[in-house]
>>> print(open('run-v6.csv').read())   # CSV, C-alpha atoms
chain,number,residue,atom,x,y,z
A,1,ALA,CA,0.0,0.0,0.0
A,2,GLN,CA,1.1,3.5,-0.6
A,3,SER,CA,0.9,6.4,1.9
A,4,VAL,CA,2.0,10.0,2.2
A,5,SER,CA,2.9,12.0,5.2
A,6,GLN,CA,3.0,15.8,5.3
A,7,HIS,CA,4.8,17.1,8.3
A,8,ASN,CA,3.4,20.6,8.6
A,9,HIS,CA,-0.3,21.3,8.9
A,10,HIS,CA,-0.1,25.0,8.9
A,11,VAL,CA,2.8,27.3,7.9
A,12,ILE,CA,2.7,31.0,8.3
A,13,LEU,CA,5.4,33.1,6.5
A,14,SER,CA,6.1,36.7,5.7
A,15,GLU,CA,6.5,37.7,2.1
A,16,ALA,CA,10.0,37.1,0.7
A,17,ALA,CA,10.7,34.3,3.2
A,18,SER,CA,11.9,30.9,2.0
A,19,LEU,CA,9.5,28.0,2.0
A,20,GLU,CA,10.1,24.3,2.5
A,21,LEU,CA,7.2,21.8,2.9
A,22,GLY,CA,8.0,18.3,3.9
A,23,CYS,CA,6.6,15.2,2.3
A,24,ASN,CA,7.5,11.6,2.9
A,25,TYR,CA,5.9,8.6,1.2
A,26,SER,CA,5.8,4.9,1.6
A,27,TYR,CA,5.8,2.6,-1.3
A,28,GLY,CA,8.0,-0.4,-2.2
A,29,GLY,CA,8.4,0.2,-5.9
A,30,THR,CA,8.9,2.9,-8.5
A,31,VAL,CA,6.7,5.9,-7.8
A,32,ASN,CA,5.5,9.0,-9.5
A,33,LEU,CA,5.4,12.0,-7.1
A,34,PHE,CA,3.3,15.2,-7.3
A,35,TRP,CA,2.6,18.4,-5.6
A,36,TYR,CA,-0.9,19.8,-6.1
A,37,VAL,CA,-2.1,23.3,-5.0
A,38,GLN,CA,-5.5,24.6,-4.1
A,39,TYR,CA,-5.9,28.3,-4.1
A,40,PRO,CA,-8.8,29.8,-2.1
A,41,GLY,CA,-12.0,29.1,-3.9
A,42,GLN,CA,-10.4,27.2,-6.7
A,43,HIS,CA,-10.0,23.5,-7.6
A,44,LEU,CA,-6.9,21.4,-7.1
A,45,GLN,CA,-4.3,21.8,-9.8
A,46,LEU,CA,-0.9,20.4,-10.4
A,47,LEU,CA,2.1,22.3,-9.3
A,48,LEU,CA,4.9,19.9,-10.3
A,49,LYS,CA,5.6,16.3,-10.8
A,50,TYR,CA,8.5,13.8,-10.7
A,51,PHE,CA,8.4,10.7,-12.9
A,52,SER,CA,12.1,9.9,-13.5
A,53,GLY,CA,15.5,11.5,-14.3
A,54,ASP,CA,16.7,14.6,-12.6
A,55,PRO,CA,15.6,14.5,-9.0
A,56,LEU,CA,15.2,18.2,-8.8
A,57,VAL,CA,12.1,19.2,-10.6
A,58,LYS,CA,10.8,22.7,-11.3
A,59,GLY,CA,7.2,23.6,-11.5
A,60,ILE,CA,5.0,26.7,-12.0
A,61,LYS,CA,5.4,30.0,-10.1
A,62,GLY,CA,9.0,29.4,-9.0
A,63,PHE,CA,8.3,26.2,-7.0
A,64,GLU,CA,10.7,23.3,-7.1
A,65,ALA,CA,10.9,19.9,-5.4
A,66,GLU,CA,13.7,17.4,-4.7
A,67,PHE,CA,13.2,13.7,-4.8
A,68,ILE,CA,15.5,11.9,-2.3
A,69,LYS,CA,15.0,8.2,-2.9
A,70,SER,CA,17.0,7.1,0.2
A,71,LYS,CA,14.8,9.3,2.4
A,72,PHE,CA,11.5,8.6,0.6
A,73,SER,CA,11.0,12.3,0.5
A,74,PHE,CA,9.8,14.8,-2.0
A,75,ASN,CA,10.0,18.2,-0.3
A,76,LEU,CA,8.6,21.4,-1.9
A,77,ARG,CA,10.6,24.6,-1.9
A,78,LYS,CA,10.4,28.2,-3.0
A,79,PRO,CA,13.2,30.7,-2.3
A,80,SER,CA,10.9,33.7,-1.8
A,81,VAL,CA,7.1,33.4,-1.2
A,82,GLN,CA,4.5,35.9,-2.3
A,83,TRP,CA,1.2,36.7,-0.8
A,84,SER,CA,-0.4,35.1,-3.8
A,85,ASP,CA,1.1,31.7,-2.7
A,86,THR,CA,-1.4,31.5,0.1
A,87,ALA,CA,-3.1,28.2,-0.5
A,88,GLU,CA,-3.3,24.6,0.5
A,89,TYR,CA,-0.6,22.3,-0.8
A,90,PHE,CA,-0.9,18.5,-1.2
A,91,CYS,CA,1.8,15.9,-1.8
A,92,ALA,CA,0.7,12.8,-3.7
A,93,VAL,CA,2.2,9.5,-4.8
A,94,ASN,CA,1.1,7.2,-7.6
A,95,GLY,CA,2.8,3.9,-7.5
A,96,ASN,CA,0.9,1.7,-9.8
A,97,ALA,CA,-0.4,4.0,-12.5
A,98,GLY,CA,-3.8,3.7,-11.0
A,99,LYS,CA,-4.9,5.7,-8.0
A,100,SER,CA,-2.9,8.6,-6.5
A,101,THR,CA,-2.7,8.8,-2.7
A,102,PHE,CA,-2.7,12.2,-1.1
A,103,GLY,CA,-1.3,13.6,2.1
A,104,ASP,CA,-3.5,15.6,4.4
A,105,GLY,CA,-2.2,18.9,3.1
A,106,THR,CA,-0.3,21.9,4.4
A,107,THR,CA,-2.1,25.3,4.6
A,108,LEU,CA,0.3,28.1,3.8
A,109,THR,CA,-0.5,31.6,4.8
A,110,VAL,CA,1.8,34.4,3.5
A,111,LYS,CA,1.5,37.7,5.4
A,112,PRO,CA,2.0,40.8,3.2
B,1,ASP,CA,-14.3,25.7,-20.6
B,2,THR,CA,-13.0,22.2,-21.4
B,3,GLY,CA,-12.1,21.2,-17.9
B,4,VAL,CA,-13.7,18.6,-15.6
B,5,SER,CA,-17.2,19.7,-14.6
B,6,GLN,CA,-19.2,18.4,-11.7
B,7,ASP,CA,-22.9,18.9,-10.9
B,8,PRO,CA,-24.3,20.0,-8.6
B,9,ARG,CA,-21.8,22.2,-6.8
B,10,HIS,CA,-23.7,21.9,-3.5
B,11,LYS,CA,-26.2,19.3,-2.3
B,12,ILE,CA,-28.1,19.4,1.0
B,13,THR,CA,-30.1,16.3,1.9
B,14,LYS,CA,-31.8,14.7,4.8
B,15,ARG,CA,-30.4,11.6,6.4
B,16,GLY,CA,-31.7,8.5,4.7
B,17,GLN,CA,-32.3,10.1,1.3
B,18,ASN,CA,-30.4,9.0,-1.9
B,19,VAL,CA,-28.2,11.4,-3.8
B,20,THR,CA,-26.5,11.3,-7.2
B,21,PHE,CA,-23.6,13.4,-8.5
B,22,ARG,CA,-22.4,13.7,-12.0
B,23,CYS,CA,-19.0,14.2,-13.4
B,24,ASP,CA,-18.0,15.2,-17.0
B,25,PRO,CA,-14.3,14.6,-17.6
B,26,ILE,CA,-12.1,16.1,-20.1
B,27,SER,CA,-13.3,14.6,-23.3
B,28,GLU,CA,-10.1,12.8,-24.5
B,29,HIS,CA,-9.3,11.4,-21.0
B,30,ASN,CA,-10.0,7.7,-20.6
B,31,ARG,CA,-9.5,7.5,-16.8
B,32,LEU,CA,-11.9,9.0,-14.3
B,33,TYR,CA,-11.5,9.1,-10.6
B,34,TRP,CA,-13.7,9.8,-7.6
B,35,TYR,CA,-12.3,11.1,-4.4
B,36,ARG,CA,-13.8,12.3,-1.1
B,37,GLN,CA,-12.4,15.1,1.0
B,38,THR,CA,-13.3,16.2,4.5
B,39,LEU,CA,-12.0,19.3,6.3
B,40,GLY,CA,-8.4,19.0,7.3
B,41,GLN,CA,-7.8,15.9,5.2
B,42,GLY,CA,-6.4,15.3,1.8
B,43,PRO,CA,-8.5,13.7,-1.0
B,44,GLU,CA,-9.3,10.0,-0.2
B,45,PHE,CA,-9.5,7.7,-3.2
B,46,LEU,CA,-12.9,6.1,-3.7
B,47,THR,CA,-12.9,4.5,-7.2
B,48,TYR,CA,-11.7,4.8,-10.7
B,49,PHE,CA,-12.6,3.9,-14.2
B,50,GLN,CA,-10.7,3.2,-17.4
B,51,ASN,CA,-13.2,3.9,-20.1
B,52,GLU,CA,-16.4,2.2,-18.9
B,53,ALA,CA,-14.6,-0.4,-16.7
B,54,GLN,CA,-14.4,0.2,-13.0
B,55,LEU,CA,-10.9,-1.0,-12.1
B,56,GLU,CA,-10.6,-0.4,-8.4
B,57,LYS,CA,-12.8,0.4,-5.5
B,58,SER,CA,-11.6,1.6,-2.1
B,59,ARG,CA,-12.6,-0.2,1.1
B,60,LEU,CA,-14.1,3.2,2.0
B,61,LEU,CA,-16.7,2.6,-0.6
B,62,SER,CA,-19.5,0.8,1.3
B,63,ASP,CA,-22.3,-1.0,-0.4
B,64,ARG,CA,-24.4,2.2,-0.2
B,65,PHE,CA,-22.1,3.8,-2.7
B,66,SER,CA,-22.2,3.0,-6.4
B,67,ALA,CA,-20.5,4.6,-9.4
B,68,GLU,CA,-21.0,4.1,-13.1
B,69,ARG,CA,-19.5,5.3,-16.3
B,70,PRO,CA,-21.8,3.7,-18.8
B,71,LYS,CA,-20.4,4.8,-22.1
B,72,GLY,CA,-16.9,5.7,-21.0
B,73,SER,CA,-17.7,9.4,-20.9
B,74,PHE,CA,-19.5,11.0,-17.9
B,75,SER,CA,-19.8,9.2,-14.6
B,76,THR,CA,-22.3,9.2,-11.8
B,77,LEU,CA,-21.7,8.6,-8.1
B,78,GLU,CA,-24.8,7.5,-6.1
B,79,ILE,CA,-25.1,7.4,-2.3
B,80,GLN,CA,-28.1,5.5,-1.0
B,81,ARG,CA,-29.5,6.0,2.5
B,82,THR,CA,-27.2,8.9,3.2
B,83,GLU,CA,-25.7,9.2,6.7
B,84,GLN,CA,-24.3,12.3,8.4
B,85,GLY,CA,-20.8,10.8,8.1
B,86,ASP,CA,-21.2,11.1,4.3
B,87,SER,CA,-21.0,14.9,4.5
B,88,ALA,CA,-17.9,15.8,2.5
B,89,MET,CA,-16.6,17.3,-0.7
B,90,TYR,CA,-16.8,14.7,-3.5
B,91,LEU,CA,-14.2,15.3,-6.1
B,92,CYS,CA,-13.9,14.0,-9.6
B,93,ALA,CA,-10.7,13.9,-11.6
B,94,SER,CA,-9.7,12.7,-15.0
B,95,SER,CA,-6.5,11.8,-16.7
B,96,SER,CA,-5.2,10.4,-20.0
B,97,GLY,CA,-2.6,8.1,-18.4
B,98,GLY,CA,-3.2,7.7,-14.8
B,99,GLU,CA,-0.6,10.1,-13.6
B,100,LYS,CA,-1.4,13.8,-13.7
B,101,LEU,CA,-4.9,14.4,-12.5
B,102,PHE,CA,-7.2,17.2,-13.6
B,103,PHE,CA,-9.8,17.9,-10.9
B,104,GLY,CA,-13.2,19.4,-11.0
B,105,SER,CA,-14.5,21.9,-8.5
B,106,GLY,CA,-16.3,19.2,-6.5
B,107,THR,CA,-19.8,18.6,-5.1
B,108,GLN,CA,-20.2,19.6,-1.5
B,109,LEU,CA,-22.6,17.3,0.2
B,110,SER,CA,-24.3,18.2,3.5
B,111,VAL,CA,-26.4,15.5,5.2
B,112,LEU,CA,-28.7,16.9,7.9
>>> encode(input="run-v6.csv", output="structure tokens")
Amino acid sequence: AQSVSQHNHHVILSEAASLELGCNYSYGGTVNLFWYVQYPGQHLQLLLKYFSGDPLVKGIKGFEAEFIKSKFSFNLRKPSVQWSDTAEYFCAVNGNAGKSTFGDGTTLTVKP
Amino acid sequence: DTGVSQDPRHKITKRGQNVTFRCDPISEHNRLYWYRQTLGQGPEFLTYFQNEAQLEKSRLLSDRFSAERPKGSFSTLEIQRTEQGDSAMYLCASSSGGEKLFFGSGTQLSVL
């Protein structure tokens, strides 16, 4: 079975601060990893994904994530957050090309 | 708009009533997923279809829940004899290959 753990439930930052959201997964085989974002009042949308190759992947709006296989981690980072990054962020794993399993999410609040 | 659409956006029902939700996926997507999300949790997988075939059902999906995708296009999710614990956001997503998911805005169900 696959599972995902997100360490932070709620993160509050000031604008221009750096962001790192933790994500650890459990799955015995090859995985595809994702970060989804849900802005207030909007539906879930893909932020970035890792399938294979370079473990450092870049997504939209300056976000990046690093896949560390030995640590079963896929942490999300952004060097300088903006007020518009206020949203809920979900890490997800897809290990068998069927269902994706999501973490419980991290709510990010960026203070202007 | 050619995204995933769900209907209705909100549904209020009394305990014991039956409800049905509809999802129209992106037209060229062969996979369709149903998820359920409650406050403070990530989306929980319920079931998914590849074309008209239902390939996997979660243990969360009791016998009161049934989903169909009769012609491999739109899908319906029916909940019979609703209970207060069924109150949640029901999300539909589609994909062309089982990896990146495109989500709809969801149907918010409230069981009184």
>>> closest_atom_pairs(input="run-v6.csv", of="chain A", to="chain B", cutoff="9 Å", atoms="all atoms listed in the file", output="JSON lines")
{"residue": "A:His9", "atom": "CA", "partner": "B:Gly40", "partner_atom": "CA", "distance": 8.6}
{"residue": "A:Asn32", "atom": "CA", "partner": "B:Glu99", "partner_atom": "CA", "distance": 7.4}
{"residue": "A:Phe34", "atom": "CA", "partner": "B:Lys100", "partner_atom": "CA", "distance": 8.1}
{"residue": "A:Gly41", "atom": "CA", "partner": "B:Ser105", "partner_atom": "CA", "distance": 8.9}
{"residue": "A:Gln42", "atom": "CA", "partner": "B:Ser105", "partner_atom": "CA", "distance": 6.9}
{"residue": "A:His43", "atom": "CA", "partner": "B:Ser105", "partner_atom": "CA", "distance": 4.9}
{"residue": "A:Leu44", "atom": "CA", "partner": "B:Phe103", "partner_atom": "CA", "distance": 5.9}
{"residue": "A:Gln45", "atom": "CA", "partner": "B:Phe102", "partner_atom": "CA", "distance": 6.6}
{"residue": "A:Leu46", "atom": "CA", "partner": "B:Lys100", "partner_atom": "CA", "distance": 7.4}
{"residue": "A:Lys49", "atom": "CA", "partner": "B:Lys100", "partner_atom": "CA", "distance": 8.0}
{"residue": "A:Phe90", "atom": "CA", "partner": "B:Gly42", "partner_atom": "CA", "distance": 7.0}
{"residue": "A:Cys91", "atom": "CA", "partner": "B:Gly42", "partner_atom": "CA", "distance": 9.0}
{"residue": "A:Asn94", "atom": "CA", "partner": "B:Glu99", "partner_atom": "CA", "distance": 6.9}
{"residue": "A:Asn96", "atom": "CA", "partner": "B:Gly98", "partner_atom": "CA", "distance": 8.8}
{"residue": "A:Ala97", "atom": "CA", "partner": "B:Gly98", "partner_atom": "CA", "distance": 5.2}
{"residue": "A:Gly98", "atom": "CA", "partner": "B:Gly98", "partner_atom": "CA", "distance": 5.5}
{"residue": "A:Lys99", "atom": "CA", "partner": "B:Phe45", "partner_atom": "CA", "distance": 6.9}
{"residue": "A:Ser100", "atom": "CA", "partner": "B:Phe45", "partner_atom": "CA", "distance": 7.4}
{"residue": "A:Thr101", "atom": "CA", "partner": "B:Phe45", "partner_atom": "CA", "distance": 6.9}
{"residue": "A:Phe102", "atom": "CA", "partner": "B:Gly42", "partner_atom": "CA", "distance": 5.6}
{"residue": "A:Gly103", "atom": "CA", "partner": "B:Gly42", "partner_atom": "CA", "distance": 5.4}
{"residue": "A:Asp104", "atom": "CA", "partner": "B:Gly42", "partner_atom": "CA", "distance": 3.9}
{"residue": "A:Gly105", "atom": "CA", "partner": "B:Gly42", "partner_atom": "CA", "distance": 5.7}
>>> write_last_selection(input="run-v6.csv", atoms="C-alpha atoms", output="PDB file, keeping the file's coordinate frame")
ATOM      1  CA  HIS A   9      -0.300  21.300   8.900  1.00  0.00           C
ATOM      2  CA  ASN A  32       5.500   9.000  -9.500  1.00  0.00           C
ATOM      3  CA  PHE A  34       3.300  15.200  -7.300  1.00  0.00           C
ATOM      4  CA  GLY A  41     -12.000  29.100  -3.900  1.00  0.00           C
ATOM      5  CA  GLN A  42     -10.400  27.200  -6.700  1.00  0.00           C
ATOM      6  CA  HIS A  43     -10.000  23.500  -7.600  1.00  0.00           C
ATOM      7  CA  LEU A  44      -6.900  21.400  -7.100  1.00  0.00           C
ATOM      8  CA  GLN A  45      -4.300  21.800  -9.800  1.00  0.00           C
ATOM      9  CA  LEU A  46      -0.900  20.400 -10.400  1.00  0.00           C
ATOM     10  CA  LYS A  49       5.600  16.300 -10.800  1.00  0.00           C
ATOM     11  CA  PHE A  90      -0.900  18.500  -1.200  1.00  0.00           C
ATOM     12  CA  CYS A  91       1.800  15.900  -1.800  1.00  0.00           C
ATOM     13  CA  ASN A  94       1.100   7.200  -7.600  1.00  0.00           C
ATOM     14  CA  ASN A  96       0.900   1.700  -9.800  1.00  0.00           C
ATOM     15  CA  ALA A  97      -0.400   4.000 -12.500  1.00  0.00           C
ATOM     16  CA  GLY A  98      -3.800   3.700 -11.000  1.00  0.00           C
ATOM     17  CA  LYS A  99      -4.900   5.700  -8.000  1.00  0.00           C
ATOM     18  CA  SER A 100      -2.900   8.600  -6.500  1.00  0.00           C
ATOM     19  CA  THR A 101      -2.700   8.800  -2.700  1.00  0.00           C
ATOM     20  CA  PHE A 102      -2.700  12.200  -1.100  1.00  0.00           C
ATOM     21  CA  GLY A 103      -1.300  13.600   2.100  1.00  0.00           C
ATOM     22  CA  ASP A 104      -3.500  15.600   4.400  1.00  0.00           C
ATOM     23  CA  GLY A 105      -2.200  18.900   3.100  1.00  0.00           C
TER      24      GLY A 105
END
>>> residues_around(input="run-v6.csv", residues="Thr2 (chain B)", least_positions_apart="5", cutoff="9 Å", atoms="only C-alpha atoms", output="CSV table (one decimal) with C-alpha atoms, in the coordinates of the input")
chain,number,residue,atom,x,y,z
B,25,PRO,CA,-14.3,14.6,-17.6
B,26,ILE,CA,-12.1,16.1,-20.1
B,27,SER,CA,-13.3,14.6,-23.3
>>> residues_around(input="run-v6.csv", residues="Tyr50 (chain A)", least_positions_apart="6", cutoff="9 Å", atoms="all atoms listed in the file", output="PyMOL selection string")
chain A and resi 31-34+56-57+65-67+74
>>> atom_distance(input="run-v6.csv", atom1="CA of Ser26 (chain A)", atom2="CA of Thr106 (chain A)")
18.3 Å
>>> residues_around(input="run-v6.csv", residues="Glu20 (chain A)", least_positions_apart="6", cutoff="8 Å", atoms="only C-alpha atoms", output="PyMOL selection string")
chain A and resi 75-78
>>> write_last_selection(input="run-v6.csv", atoms="C-alpha atoms", output="JSON list (two decimals), in the frame of the given file")
[["chain", "number", "residue", "atom", "x", "y", "z"],
["A", 75, "ASN", "CA", 10.00, 18.20, -0.30],
["A", 76, "LEU", "CA", 8.60, 21.40, -1.90],
["A", 77, "ARG", "CA", 10.60, 24.60, -1.90],
["A", 78, "LYS", "CA", 10.40, 28.20, -3.00]]
>>> atom_distance(input="run-v6.csv", atom1="CA of Ile60 (chain A)", atom2="CA of Leu48 (chain A)")
7.0 Å
>>> closest_residue(input="run-v6.csv", among="A:Thr109, A:Asn24, A:Ser18, A:Thr30", to="Gly95 (chain A)", atoms="only C-alpha atoms")
A:Thr30
>>> atom_distance(input="run-v6.csv", atom1="CA of Ser73 (chain B)", atom2="CA of Leu61 (chain B)")
21.4 Å
>>> decode(input="run-v6.csv", residues="region 26-37 of chain B", atoms="all heavy atoms", output="PDB file, in the first residue's frame")
ATOM      1  N   ILE B  26     -12.632  15.611 -18.905  1.00  0.00           N
ATOM      2  CA  ILE B  26     -12.068  16.149 -20.141  1.00  0.00           C
ATOM      3  C   ILE B  26     -12.277  15.091 -21.220  1.00  0.00           C
ATOM      4  O   ILE B  26     -12.011  13.908 -20.999  1.00  0.00           O
ATOM      5  CB  ILE B  26     -10.591  16.506 -19.941  1.00  0.00           C
ATOM      6  CG1 ILE B  26     -10.492  17.674 -18.946  1.00  0.00           C
ATOM      7  CG2 ILE B  26      -9.924  16.845 -21.261  1.00  0.00           C
ATOM      8  CD1 ILE B  26      -9.084  18.010 -18.498  1.00  0.00           C
ATOM      9  N   SER B  27     -12.740  15.501 -22.370  1.00  0.00           N
ATOM     10  CA  SER B  27     -13.300  14.572 -23.343  1.00  0.00           C
ATOM     11  C   SER B  27     -12.329  13.484 -23.803  1.00  0.00           C
ATOM     12  O   SER B  27     -12.726  12.348 -24.014  1.00  0.00           O
ATOM     13  CB  SER B  27     -13.840  15.322 -24.556  1.00  0.00           C
ATOM     14  OG  SER B  27     -12.812  16.085 -25.145  1.00  0.00           O
ATOM     15  N   GLU B  28     -11.058  13.789 -23.949  1.00  0.00           N
ATOM     16  CA  GLU B  28     -10.139  12.776 -24.461  1.00  0.00           C
ATOM     17  C   GLU B  28      -9.524  11.913 -23.359  1.00  0.00           C
ATOM     18  O   GLU B  28      -8.732  11.022 -23.643  1.00  0.00           O
ATOM     19  CB  GLU B  28      -9.023  13.442 -25.278  1.00  0.00           C
ATOM     20  CG  GLU B  28      -8.166  14.420 -24.498  1.00  0.00           C
ATOM     21  CD  GLU B  28      -8.662  15.847 -24.602  1.00  0.00           C
ATOM     22  OE1 GLU B  28      -9.883  16.039 -24.805  1.00  0.00           O
ATOM     23  OE2 GLU B  28      -7.834  16.762 -24.450  1.00  0.00           O
ATOM     24  N   HIS B  29      -9.903  12.146 -22.109  1.00  0.00           N
ATOM     25  CA  HIS B  29      -9.341  11.375 -21.001  1.00  0.00           C
ATOM     26  C   HIS B  29     -10.077  10.056 -20.820  1.00  0.00           C
ATOM     27  O   HIS B  29     -11.304  10.026 -20.736  1.00  0.00           O
ATOM     28  CB  HIS B  29      -9.405  12.181 -19.701  1.00  0.00           C
ATOM     29  CG  HIS B  29      -8.403  13.271 -19.639  1.00  0.00           C
ATOM     30  ND1 HIS B  29      -8.316  14.128 -18.572  1.00  0.00           N
ATOM     31  CD2 HIS B  29      -7.425  13.645 -20.498  1.00  0.00           C
ATOM     32  CE1 HIS B  29      -7.319  14.977 -18.781  1.00  0.00           C
ATOM     33  NE2 HIS B  29      -6.775  14.703 -19.946  1.00  0.00           N
ATOM     34  N   ASN B  30      -9.309   8.961 -20.746  1.00  0.00           N
ATOM     35  CA  ASN B  30      -9.956   7.666 -20.592  1.00  0.00           C
ATOM     36  C   ASN B  30     -10.097   7.234 -19.139  1.00  0.00           C
ATOM     37  O   ASN B  30     -10.836   6.309 -18.828  1.00  0.00           O
ATOM     38  CB  ASN B  30      -9.219   6.582 -21.402  1.00  0.00           C
ATOM     39  CG  ASN B  30      -7.768   6.428 -20.970  1.00  0.00           C
ATOM     40  OD1 ASN B  30      -7.267   7.180 -20.138  1.00  0.00           O
ATOM     41  ND2 ASN B  30      -7.097   5.455 -21.539  1.00  0.00           N
ATOM     42  N   ARG B  31      -9.396   7.927 -18.237  1.00  0.00           N
ATOM     43  CA  ARG B  31      -9.492   7.536 -16.831  1.00  0.00           C
ATOM     44  C   ARG B  31     -10.284   8.581 -16.067  1.00  0.00           C
ATOM     45  O   ARG B  31     -10.094   9.784 -16.249  1.00  0.00           O
ATOM     46  CB  ARG B  31      -8.103   7.367 -16.216  1.00  0.00           C
ATOM     47  CG  ARG B  31      -7.384   6.158 -16.767  1.00  0.00           C
ATOM     48  CD  ARG B  31      -6.190   5.800 -15.940  1.00  0.00           C
ATOM     49  NE  ARG B  31      -5.568   4.574 -16.444  1.00  0.00           N
ATOM     50  CZ  ARG B  31      -4.664   3.875 -15.787  1.00  0.00           C
ATOM     51  NH1 ARG B  31      -4.275   4.279 -14.587  1.00  0.00           N
ATOM     52  NH2 ARG B  31      -4.145   2.782 -16.299  1.00  0.00           N
ATOM     53  N   LEU B  32     -11.119   8.099 -15.154  1.00  0.00           N
ATOM     54  CA  LEU B  32     -11.946   8.977 -14.336  1.00  0.00           C
ATOM     55  C   LEU B  32     -11.903   8.475 -12.901  1.00  0.00           C
ATOM     56  O   LEU B  32     -12.032   7.267 -12.642  1.00  0.00           O
ATOM     57  CB  LEU B  32     -13.389   8.988 -14.863  1.00  0.00           C
ATOM     58  CG  LEU B  32     -14.350   9.971 -14.202  1.00  0.00           C
ATOM     59  CD1 LEU B  32     -15.398  10.455 -15.223  1.00  0.00           C
ATOM     60  CD2 LEU B  32     -15.025   9.391 -12.987  1.00  0.00           C
ATOM     61  N   TYR B  33     -11.693   9.399 -11.984  1.00  0.00           N
ATOM     62  CA  TYR B  33     -11.506   9.058 -10.569  1.00  0.00           C
ATOM     63  C   TYR B  33     -12.538   9.794  -9.716  1.00  0.00           C
ATOM     64  O   TYR B  33     -12.892  10.941  -9.997  1.00  0.00           O
ATOM     65  CB  TYR B  33     -10.118   9.499 -10.088  1.00  0.00           C
ATOM     66  CG  TYR B  33      -8.968   8.893 -10.841  1.00  0.00           C
ATOM     67  CD1 TYR B  33      -8.603   9.362 -12.101  1.00  0.00           C
ATOM     68  CD2 TYR B  33      -8.214   7.871 -10.281  1.00  0.00           C
ATOM     69  CE1 TYR B  33      -7.529   8.822 -12.787  1.00  0.00           C
ATOM     70  CE2 TYR B  33      -7.134   7.325 -10.959  1.00  0.00           C
ATOM     71  CZ  TYR B  33      -6.803   7.804 -12.207  1.00  0.00           C
ATOM     72  OH  TYR B  33      -5.741   7.263 -12.872  1.00  0.00           O
ATOM     73  N   TRP B  34     -12.945   9.150  -8.636  1.00  0.00           N
ATOM     74  CA  TRP B  34     -13.739   9.805  -7.599  1.00  0.00           C
ATOM     75  C   TRP B  34     -12.925   9.791  -6.305  1.00  0.00           C
ATOM     76  O   TRP B  34     -12.369   8.756  -5.906  1.00  0.00           O
ATOM     77  CB  TRP B  34     -15.067   9.088  -7.376  1.00  0.00           C
ATOM     78  CG  TRP B  34     -16.091   9.315  -8.454  1.00  0.00           C
ATOM     79  CD1 TRP B  34     -16.403   8.488  -9.495  1.00  0.00           C
ATOM     80  CD2 TRP B  34     -16.956  10.456  -8.574  1.00  0.00           C
ATOM     81  NE1 TRP B  34     -17.400   9.044 -10.261  1.00  0.00           N
ATOM     82  CE2 TRP B  34     -17.762  10.238  -9.723  1.00  0.00           C
ATOM     83  CE3 TRP B  34     -17.149  11.625  -7.843  1.00  0.00           C
ATOM     84  CZ2 TRP B  34     -18.733  11.156 -10.143  1.00  0.00           C
ATOM     85  CZ3 TRP B  34     -18.103  12.531  -8.267  1.00  0.00           C
ATOM     86  CH2 TRP B  34     -18.891  12.283  -9.398  1.00  0.00           C
ATOM     87  N   TYR B  35     -12.908  10.969  -5.677  1.00  0.00           N
ATOM     88  CA  TYR B  35     -12.262  11.129  -4.381  1.00  0.00           C
ATOM     89  C   TYR B  35     -13.253  11.791  -3.430  1.00  0.00           C
ATOM     90  O   TYR B  35     -14.182  12.474  -3.853  1.00  0.00           O
ATOM     91  CB  TYR B  35     -11.020  12.028  -4.480  1.00  0.00           C
ATOM     92  CG  TYR B  35      -9.799  11.365  -5.051  1.00  0.00           C
ATOM     93  CD1 TYR B  35      -9.619  11.258  -6.436  1.00  0.00           C
ATOM     94  CD2 TYR B  35      -8.796  10.861  -4.223  1.00  0.00           C
ATOM     95  CE1 TYR B  35      -8.478  10.654  -6.964  1.00  0.00           C
ATOM     96  CE2 TYR B  35      -7.651  10.263  -4.747  1.00  0.00           C
ATOM     97  CZ  TYR B  35      -7.506  10.167  -6.110  1.00  0.00           C
ATOM     98  OH  TYR B  35      -6.389   9.572  -6.627  1.00  0.00           O
ATOM     99  N   ARG B  36     -13.013  11.631  -2.147  1.00  0.00           N
ATOM    100  CA  ARG B  36     -13.799  12.310  -1.123  1.00  0.00           C
ATOM    101  C   ARG B  36     -12.840  13.075  -0.225  1.00  0.00           C
ATOM    102  O   ARG B  36     -11.762  12.571   0.116  1.00  0.00           O
ATOM    103  CB  ARG B  36     -14.594  11.294  -0.289  1.00  0.00           C
ATOM    104  CG  ARG B  36     -15.457  11.913   0.792  1.00  0.00           C
ATOM    105  CD  ARG B  36     -16.340  10.867   1.424  1.00  0.00           C
ATOM    106  NE  ARG B  36     -15.590   9.869   2.174  1.00  0.00           N
ATOM    107  CZ  ARG B  36     -16.128   8.788   2.700  1.00  0.00           C
ATOM    108  NH1 ARG B  36     -17.417   8.544   2.546  1.00  0.00           N
ATOM    109  NH2 ARG B  36     -15.384   7.934   3.360  1.00  0.00           N
ATOM    110  N   GLN B  37     -13.228  14.295   0.147  1.00  0.00           N
ATOM    111  CA  GLN B  37     -12.355  15.127   0.973  1.00  0.00           C
ATOM    112  C   GLN B  37     -13.163  15.748   2.094  1.00  0.00           C
ATOM    113  O   GLN B  37     -14.209  16.353   1.850  1.00  0.00           O
ATOM    114  CB  GLN B  37     -11.688  16.220   0.135  1.00  0.00           C
ATOM    115  CG  GLN B  37     -10.656  17.033   0.892  1.00  0.00           C
ATOM    116  CD  GLN B  37      -9.950  18.047   0.019  1.00  0.00           C
ATOM    117  OE1 GLN B  37     -10.417  18.407  -1.060  1.00  0.00           O
ATOM    118  NE2 GLN B  37      -8.794  18.509   0.469  1.00  0.00           N
TER     119      GLN B  37
END
